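Asks: Would you mind keeping the following structure in view while I ask a few things?
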Amino acid sequence: MSDEPRPFRWPTDGNLPLEPDLEQWSALTDTVKGFLARALTHLDDGPTLSAHQTGDLPSDTPHENLEEYLRALFDSGFDTAHPGFMAYIPGGGLVTSALADWVIKTMNRYGTAYFAAPKLAELEYQVVRLFADWVGYGEHAGGVLTTGGSLANFTAMVTARRAMLPENFLQGVMYCSDQTHHSVMKAANLAGFSARNIRVMPSDAAYRLQPEPLLEQIATDLRDGYLPFLVVASAGTTNTGSIDPLPELADICAEQHLWFHVDAAYGGAFLLTKRGRQRLVGIKRADSVTLDPHKGLFMPYGTGGVVVKDRDRLIEAHELRGDYMPDLDRERAHLDPFSLSVELSREHRGLKVALPLMLHGKQAFTDALDEKLDLTDKLSDALRAIPEIEVLNNPELTTVVFRKLPERDAEAENRAFLDRINAGNKVYLSPTILKGHFVLRVSILSHRTHDKELNTVLAEIQRALP
Ligand SMILES: Cc1ncc(COP(=O)(O)O)c(C=O)c1O
């Protein structure tokens with residue numbers, strides 16, 4: 001691939017009217033349906049990693065052959081919808097959510113405010129309320145659906161800053177662990193903080209934020225004239241799925257008058273399961289919680305959310321109006337997404353979550369999440385039984401971290417080990433750096449990943465051992 005800028009190819013003979021007639025629209029949707037049906041049918045037997053790893057675009061243009069164009073476009077990189085995709089934090093992508101999004105985008109209603117689409121705003125609020133109920137919040141909770149966990153963490157950061165710090169907030173200090181997702185640091189930077197306002201605490205042997213050193217650091221910062229205002233705990237770290245000690249951290253935040261944010265982007269959906277509720281005990285004491293339906297609720301990318309115990313704090317941090325907006329009923333600000341987030345014009349986001357929840361039912365999600373926990377335990381046990389492999393975590397969620405016991409150069413050997421596993425093209429795993437070591441991760445969170453894929457990943461790992 002050259003570094004030459006490649007201009008957008010805009011064919012001069014594209015001649016579809018901006019508003020296709022019903023016949024043209026049906027032909028287009030039939031083609032898209034055919035493409036998707038074939039793609040879904042062959043997910044299982046397709047490769048996890050395409051032979052194409054560059055952004056060279058298809059030479060066909062869509063008006064010549066739409067299906068061919070789409071097929072070529074998706075033939076690159078790794079396949080996040082594949083049942084063998086176990087890298088990063090998978091999510092699968094429920095087709096029912098995609099269908100809801102198709103309806104929403106086609107109807108194109110203004111998902112920004114209650115006055116524009118009251119029923120849609122009410123539906124979105126009900127989804128937020130459902131998440132708040134899972135967390136264990138009371139009636140005055142609120143929240144907003146975002147495009148993902150990063151925007152959710154940013155929304156919480158700004159809300160905490162506004163609620164806890166004076167207008168000149170530059171003495172504010174926030175705390176998190178060295179396992180916290182980088183979107184939290186990014187949120188802090190975007191909210192106006194710099195490295196001097198962020199304390200990244202070393203995690204313990206189970207990769208969790210430690211209460212004692214945290215308390216000591218808070219005391220030091222107070223002595224030095226800083227204003228501690230926020231602790232961010234992880235309920236499911238990205239590296240290992242570890243859950244920080246939420247009750248102890250909630251105690252510290254209550255005693256020290258700090259905002260307590262829990263990033264449950266990964267772990268939040270497990271509140272649907274009994275094991276998840278046990279492991280996430282204490283989460284309801286958080287002031288705000290990030291949940292990310294495009295992870296544990298298997299929704300397609302672009303679906304995140306944040307819930308806040310006292311919705312007034314969220315509104316105070318975000319509400320601002322222009323002259324061109326109608327007079328709004330402030331009693332209903334919690335139903336107006338524009339009063340709850342950085343965004344104004346946006347699509348309605350409730351249906352893409354609500355439709356799958358209603359069509360598949362609660363039990364389907366609970367069973368699927370329980371299945372992922374079981375699969376993870378089985379994988380962890382099976383890997384521990386292989387003498388050449390060292391397992392580095394006791395999974396609390398659905399991620400197993402391991403490495404091949406090194407002979408000489410641990411990093412080079414494990415990089416090569418990972419490449420051999422992925423080269424089989426049946427599964428796709430990603431690495432991370434854990435306490436300075438290059439390690440491999442298996443993260444099981446797609447609704448399409450079952451026992452069959454568990455056997456496959458084990459077989460592939462064994463095949464890749466020297
Ligand atoms: C724990 C955690 N928090 C936040 C995020 C960021 O979420 P998103 O990628 O949806 O912006 C991730 C992403 O993997 C995550 O694992």
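The way I read the labels, and the way they are meant: chains A, B, ... in the order of the structure tokens, residue 1 as the first residue of every chain, and ligand 1 as the first ligand shown, with later ones counted on from there.
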If you count only C-alpha atoms and all ligand atoms, which residues end up within 7 Å of ligand 1, as a ChimeraX atom specification?
Replies: /A:88-89,147-151,180-181,183,234,236-238,263-266,292,304
Asks: Include N, CA and C atoms and write out the residues we just selected as a JSON list (two decimals), in the first residue's frame.
Replies:
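selection18.json written:
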[["chain", "number", "residue", "atom", "x", "y", "z"],
["A", 88, "TYR", "N", -9.91, -8.88, 21.93],
["A", 88, "TYR", "CA", -10.40, -7.63, 22.56],
["A", 88, "TYR", "C", -11.61, -7.96, 23.44],
["A", 89, "ILE", "N", -12.74, -7.20, 23.29],
["A", 89, "ILE", "CA", -13.98, -7.61, 23.95],
["A", 89, "ILE", "C", -15.00, -7.82, 22.84],
["A", 147, "THR", "N", -22.82, 6.22, 22.03],
["A", 147, "THR", "CA", -22.33, 5.38, 20.93],
["A", 147, "THR", "C", -21.40, 4.27, 21.43],
["A", 148, "GLY", "N", -21.02, 4.34, 22.70],
["A", 148, "GLY", "CA", -20.12, 3.31, 23.23],
["A", 148, "GLY", "C", -19.64, 3.67, 24.62],
["A", 149, "GLY", "N", -18.75, 2.82, 25.16],
["A", 149, "GLY", "CA", -18.27, 3.01, 26.52],
["A", 149, "GLY", "C", -17.41, 4.26, 26.68],
["A", 150, "SER", "N", -16.67, 4.65, 25.64],
["A", 150, "SER", "CA", -15.80, 5.82, 25.76],
["A", 150, "SER", "C", -16.63, 7.08, 26.00],
["A", 151, "LEU", "N", -17.67, 7.25, 25.20],
["A", 151, "LEU", "CA", -18.51, 8.44, 25.37],
["A", 151, "LEU", "C", -19.27, 8.37, 26.71],
["A", 180, "THR", "N", -7.20, 0.21, 34.35],
["A", 180, "THR", "CA", -8.38, 0.96, 33.87],
["A", 180, "THR", "C", -8.30, 1.17, 32.36],
["A", 181, "HIS", "N", -9.43, 1.07, 31.70],
["A", 181, "HIS", "CA", -9.45, 1.26, 30.23],
["A", 181, "HIS", "C", -8.98, 2.67, 29.87],
["A", 183, "SER", "N", -9.90, 4.73, 27.87],
["A", 183, "SER", "CA", -10.95, 5.73, 27.57],
["A", 183, "SER", "C", -11.19, 6.62, 28.80],
["A", 234, "SER", "N", -13.22, -0.41, 37.94],
["A", 234, "SER", "CA", -13.59, -1.22, 36.77],
["A", 234, "SER", "C", -14.39, -2.43, 37.23],
["A", 236, "GLY", "N", -14.94, -5.30, 35.49],
["A", 236, "GLY", "CA", -14.52, -6.00, 34.30],
["A", 236, "GLY", "C", -13.45, -5.19, 33.58],
["A", 237, "THR", "N", -12.17, -5.46, 33.94],
["A", 237, "THR", "CA", -11.10, -4.77, 33.20],
["A", 237, "THR", "C", -10.97, -5.40, 31.82],
["A", 238, "THR", "N", -10.46, -4.62, 30.91],
["A", 238, "THR", "CA", -10.34, -5.10, 29.53],
["A", 238, "THR", "C", -9.30, -6.22, 29.44],
["A", 263, "ASP", "N", -16.83, 1.74, 35.80],
["A", 263, "ASP", "CA", -16.81, 1.41, 34.38],
["A", 263, "ASP", "C", -17.17, -0.08, 34.25],
["A", 264, "ALA", "N", -18.48, -0.31, 34.02],
["A", 264, "ALA", "CA", -18.95, -1.70, 33.85],
["A", 264, "ALA", "C", -19.27, -1.96, 32.38],
["A", 265, "ALA", "N", -18.48, -1.31, 31.49],
["A", 265, "ALA", "CA", -18.70, -1.51, 30.05],
["A", 265, "ALA", "C", -18.66, -3.00, 29.72],
["A", 266, "TYR", "N", -17.73, -3.71, 30.33],
["A", 266, "TYR", "CA", -17.60, -5.14, 30.06],
["A", 266, "TYR", "C", -18.54, -5.94, 30.97],
["A", 292, "ASP", "N", -22.26, -1.12, 28.44],
["A", 292, "ASP", "CA", -21.96, -1.07, 27.01],
["A", 292, "ASP", "C", -22.68, -2.22, 26.29],
["A", 304, "GLY", "N", -23.78, 2.19, 23.48],
["A", 304, "GLY", "CA", -23.26, 2.27, 24.84],
["A", 304, "GLY", "C", -24.26, 2.98, 25.73]]
Asks: Got a sec: who's within 10 Å of Gln126 of chain A, counting only C-alpha atoms, leaving out chain neighbours fewer than 6 positions off, as a ChimeraX atom specification?
Replies: /A:120,132,142,335,350,354
Asks: Just write the chosen residues, N, CA and C atoms, as a JSON list (two decimals), in the first residue's frame.
Replies:
[["chain", "number", "residue", "atom", "x", "y", "z"],
["A", 120, "LEU", "N", -40.73, 7.67, 21.09],
["A", 120, "LEU", "CA", -39.37, 7.14, 20.97],
["A", 120, "LEU", "C", -38.53, 7.58, 22.18],
["A", 132, "ALA", "N", -30.71, 1.12, 34.86],
["A", 132, "ALA", "CA", -30.62, 1.66, 36.23],
["A", 132, "ALA", "C", -31.17, 0.64, 37.23],
["A", 142, "GLY", "N", -31.14, 8.41, 36.26],
["A", 142, "GLY", "CA", -31.37, 8.69, 34.84],
["A", 142, "GLY", "C", -30.14, 8.26, 34.07],
["A", 335, "LEU", "N", -35.82, 13.16, 29.86],
["A", 335, "LEU", "CA", -36.27, 12.44, 28.67],
["A", 335, "LEU", "C", -35.70, 13.06, 27.39],
["A", 350, "GLY", "N", -33.18, 3.93, 21.39],
["A", 350, "GLY", "CA", -33.83, 2.96, 22.28],
["A", 350, "GLY", "C", -34.22, 1.66, 21.59],
["A", 354, "ALA", "N", -34.11, -2.13, 22.73],
["A", 354, "ALA", "CA", -35.40, -2.65, 23.22],
["A", 354, "ALA", "C", -35.92, -3.80, 22.36]]
Asks: Show me, as JSON, numbers by chain, the residues that have an atom within 10 Å of segment 9-13 of chain A when counting only C-alpha atoms, minus same-chain residues fewer than 3 positions from it.
Replies: {"A": [6, 16, 57, 59, 61, 62, 63, 64]}
Asks: Enumerate as JSON, numbers by chain all residues of segment 282-384 of chain A assigned to helix (DSSP H, G or I) by DSSP on the backbone, naming them with the chain letters and numbers the document uses.
Replies: {"A": [283, 284, 285, 293, 294, 295, 296, 311, 312, 313, 314, 315, 316, 317, 318, 330, 331, 332, 333, 334, 335, 337, 338, 339, 351, 352, 353, 354, 355, 356, 357, 358, 359, 360, 362, 363, 364, 365, 366, 367, 368, 369, 370, 371, 372, 373, 374, 375, 376, 377, 378, 379, 380, 381, 382, 383, 384]}
Asks: How would the residues just chosen look if you wrote them out with C-alpha atoms as an mmCIF file, in the first residue's frame?
Replies:
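Output file part_31.cif follows:
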data_model
loop_
_atom_site.group_PDB
_atom_site.id
_atom_site.type_symbol
_atom_site.label_atom_id
_atom_site.label_comp_id
_atom_site.auth_asym_id
_atom_site.auth_seq_id
_atom_site.Cartn_x
_atom_site.Cartn_y
_atom_site.Cartn_z
ATOM 1 C CA ILE A 283 -22.226 -1.477 42.232
ATOM 2 C CA LYS A 284 -25.444 0.229 43.287
ATOM 3 C CA ARG A 285 -23.401 2.488 45.588
ATOM 4 C CA PRO A 293 -24.663 -3.096 25.232
ATOM 5 C CA HIS A 294 -22.350 -3.660 22.264
ATOM 6 C CA LYS A 295 -20.342 -5.921 24.540
ATOM 7 C CA GLY A 296 -22.355 -8.077 26.979
ATOM 8 C CA ARG A 311 -30.142 12.364 37.195
ATOM 9 C CA ASP A 312 -30.112 16.061 38.170
ATOM 10 C CA ARG A 313 -26.298 15.921 38.300
ATOM 11 C CA LEU A 314 -26.246 14.687 34.691
ATOM 12 C CA ILE A 315 -28.641 17.420 33.580
ATOM 13 C CA GLU A 316 -26.738 20.175 35.435
ATOM 14 C CA ALA A 317 -23.521 19.142 33.681
ATOM 15 C CA HIS A 318 -24.982 19.040 30.175
ATOM 16 C CA ARG A 330 -37.838 21.179 32.392
ATOM 17 C CA GLU A 331 -39.683 18.571 34.406
ATOM 18 C CA ARG A 332 -38.954 16.303 31.472
ATOM 19 C CA ALA A 333 -35.265 17.112 30.925
ATOM 20 C CA HIS A 334 -34.384 13.511 31.812
ATOM 21 C CA LEU A 335 -36.272 12.440 28.667
ATOM 22 C CA PRO A 337 -31.068 13.157 25.330
ATOM 23 C CA PHE A 338 -29.622 16.552 24.329
ATOM 24 C CA SER A 339 -29.871 17.642 27.981
ATOM 25 C CA LEU A 351 -35.305 0.603 19.709
ATOM 26 C CA LYS A 352 -32.016 -1.055 18.761
ATOM 27 C CA VAL A 353 -31.704 -2.212 22.380
ATOM 28 C CA ALA A 354 -35.400 -2.651 23.223
ATOM 29 C CA LEU A 355 -36.366 -4.699 20.166
ATOM 30 C CA PRO A 356 -33.833 -7.501 20.783
ATOM 31 C CA LEU A 357 -34.607 -7.498 24.509
ATOM 32 C CA MET A 358 -38.328 -7.907 23.779
ATOM 33 C CA LEU A 359 -38.051 -10.314 20.845
ATOM 34 C CA HIS A 360 -35.553 -12.709 22.438
ATOM 35 C CA LYS A 362 -34.769 -11.944 29.294
ATOM 36 C CA GLN A 363 -34.024 -15.649 29.647
ATOM 37 C CA ALA A 364 -32.198 -15.815 26.310
ATOM 38 C CA PHE A 365 -29.750 -13.127 27.431
ATOM 39 C CA THR A 366 -29.338 -14.571 30.922
ATOM 40 C CA ASP A 367 -28.697 -18.069 29.539
ATOM 41 C CA ALA A 368 -26.234 -16.787 26.957
ATOM 42 C CA LEU A 369 -24.227 -14.882 29.582
ATOM 43 C CA ASP A 370 -24.252 -17.875 31.944
ATOM 44 C CA GLU A 371 -23.051 -20.010 29.060
ATOM 45 C CA LYS A 372 -20.109 -17.615 28.484
ATOM 46 C CA LEU A 373 -19.144 -17.837 32.171
ATOM 47 C CA ASP A 374 -19.264 -21.664 31.980
ATOM 48 C CA LEU A 375 -17.234 -21.764 28.764
ATOM 49 C CA THR A 376 -14.605 -19.524 30.344
ATOM 50 C CA ASP A 377 -14.267 -21.764 33.406
ATOM 51 C CA LYS A 378 -13.921 -24.811 31.160
ATOM 52 C CA LEU A 379 -11.268 -23.105 29.054
ATOM 53 C CA SER A 380 -9.361 -21.896 32.093
ATOM 54 C CA ASP A 381 -9.319 -25.431 33.569
ATOM 55 C CA ALA A 382 -8.314 -27.009 30.269
ATOM 56 C CA LEU A 383 -5.443 -24.540 29.749
ATOM 57 C CA ARG A 384 -4.187 -25.083 33.284
#
Asks: Extract, using only C-alpha atoms, all DNA, RNA and protein residues at most 9 Å from Leu70 of chain A, discarding same-chain residues fewer than 4 positions from it, and format them as a list in words.
Replies: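 My list of contacting residues is Val32, Phe35, Pro58, Pro62, Asn65, Leu66, Phe74 and Asp75 of chain A.
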Asks: Select, from A:Asp323, A:Asp287, A:Glu4, A:Asp419, the residue with the minimum atom-to-atom distance to Ala163 of chain A, counting only C-alpha atoms.
Replies: A:Asp287
Asks: Any idea what's packed within 10 Å of Phe154 of chain A, counting only C-alpha atoms, ignoring anything in its chain fewer than 6 positions away? Could you give it as a PDB file with C-alpha atoms, in the first residue's frame?
Replies:
ATOM      1  CA  ALA A 160     -18.451  14.211  38.281  1.00  0.00           C
ATOM      2  CA  SER A 183     -10.945   5.730  27.574  1.00  0.00           C
ATOM      3  CA  VAL A 184     -11.063   6.941  31.204  1.00  0.00           C
ATOM      4  CA  MET A 185      -7.724   8.756  30.867  1.00  0.00           C
ATOM      5  CA  LYS A 186      -8.864  10.101  27.508  1.00  0.00           C
ATOM      6  CA  ALA A 187     -12.102  11.311  29.123  1.00  0.00           C
ATOM      7  CA  ALA A 188     -10.070  13.034  31.845  1.00  0.00           C
ATOM      8  CA  ASN A 189      -7.889  14.751  29.236  1.00  0.00           C
ATOM      9  CA  LEU A 190     -10.900  15.857  27.206  1.00  0.00           C
ATOM     10  CA  ALA A 191     -12.574  17.125  30.383  1.00  0.00           C
ATOM     11  CA  THR A 290     -21.012   2.805  32.296  1.00  0.00           C
ATOM     12  CA  VAL A 306     -24.291   5.556  31.199  1.00  0.00           C
ATOM     13  CA  SER A 341     -24.966  14.392  26.707  1.00  0.00           C
ATOM     14  CA  VAL A 342     -22.559  16.280  24.477  1.00  0.00           C
TER      15      VAL A 342
END
Asks: Please list as an mmCIF file with N, CA and C atoms, in the first residue's frame every residue within 7 Å of Ser177 of chain A, counting only C-alpha atoms and excluding residues in the same chain fewer than 2 positions away.
Replies:
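The new file result-v5.cif reads:
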data_model
loop_
_atom_site.group_PDB
_atom_site.id
_atom_site.type_symbol
_atom_site.label_atom_id
_atom_site.label_comp_id
_atom_site.auth_asym_id
_atom_site.auth_seq_id
_atom_site.Cartn_x
_atom_site.Cartn_y
_atom_site.Cartn_z
ATOM 1 N N GLN A 179 -5.012 -0.888 35.442
ATOM 2 C CA GLN A 179 -5.779 -1.755 34.546
ATOM 3 C C GLN A 179 -7.010 -1.045 33.974
ATOM 4 N N THR A 180 -7.204 0.211 34.351
ATOM 5 C CA THR A 180 -8.377 0.957 33.870
ATOM 6 C C THR A 180 -8.296 1.170 32.359
ATOM 7 N N VAL A 200 -2.733 7.042 38.703
ATOM 8 C CA VAL A 200 -2.921 5.663 38.237
ATOM 9 C C VAL A 200 -2.270 4.739 39.266
ATOM 10 N N MET A 201 -3.089 4.016 40.013
ATOM 11 C CA MET A 201 -2.595 3.228 41.138
ATOM 12 C C MET A 201 -2.210 1.824 40.675
ATOM 13 N N PRO A 202 -1.098 1.261 41.213
ATOM 14 C CA PRO A 202 -0.734 -0.106 40.827
ATOM 15 C C PRO A 202 -1.794 -1.106 41.309
ATOM 16 N N SER A 203 -2.154 -2.029 40.435
ATOM 17 C CA SER A 203 -3.171 -3.024 40.809
ATOM 18 C C SER A 203 -2.520 -4.167 41.586
ATOM 19 N N LEU A 209 -7.853 -2.724 41.777
ATOM 20 C CA LEU A 209 -7.490 -1.497 42.487
ATOM 21 C C LEU A 209 -7.474 -1.793 43.986
#
Asks: Could you work out how far atom CA of His348 of chain A lies from atom CA of Asn108 of chain A, giving the answer in Å with one decimal?
Replies: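 Those two atoms sit 8.3 Å apart.
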Asks: Out of segment 82-256 of chain A, which residues get strand (DSSP E) from DSSP, as a list in words?
Replies: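 Filtering segment 82-256 of chain A to strand (DSSP E) leaves Gly142, Gly143, Val144, Leu145, Thr146, Gly172, Val173, Met174, Tyr175, Cys176, Ser177, Ile198, Arg199, Val200, Met201, Leu227, Pro228, Phe229, Leu230, Val231, Val232, Ala233 and Ser234 of chain A.
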Asks: Would you mind telling me which residue in A:Val427, A:Leu340, A:Ala286, A:Ala113 lies nearest to Cys253 of chain A when using only C-alpha atoms?
Replies: A:Ala286
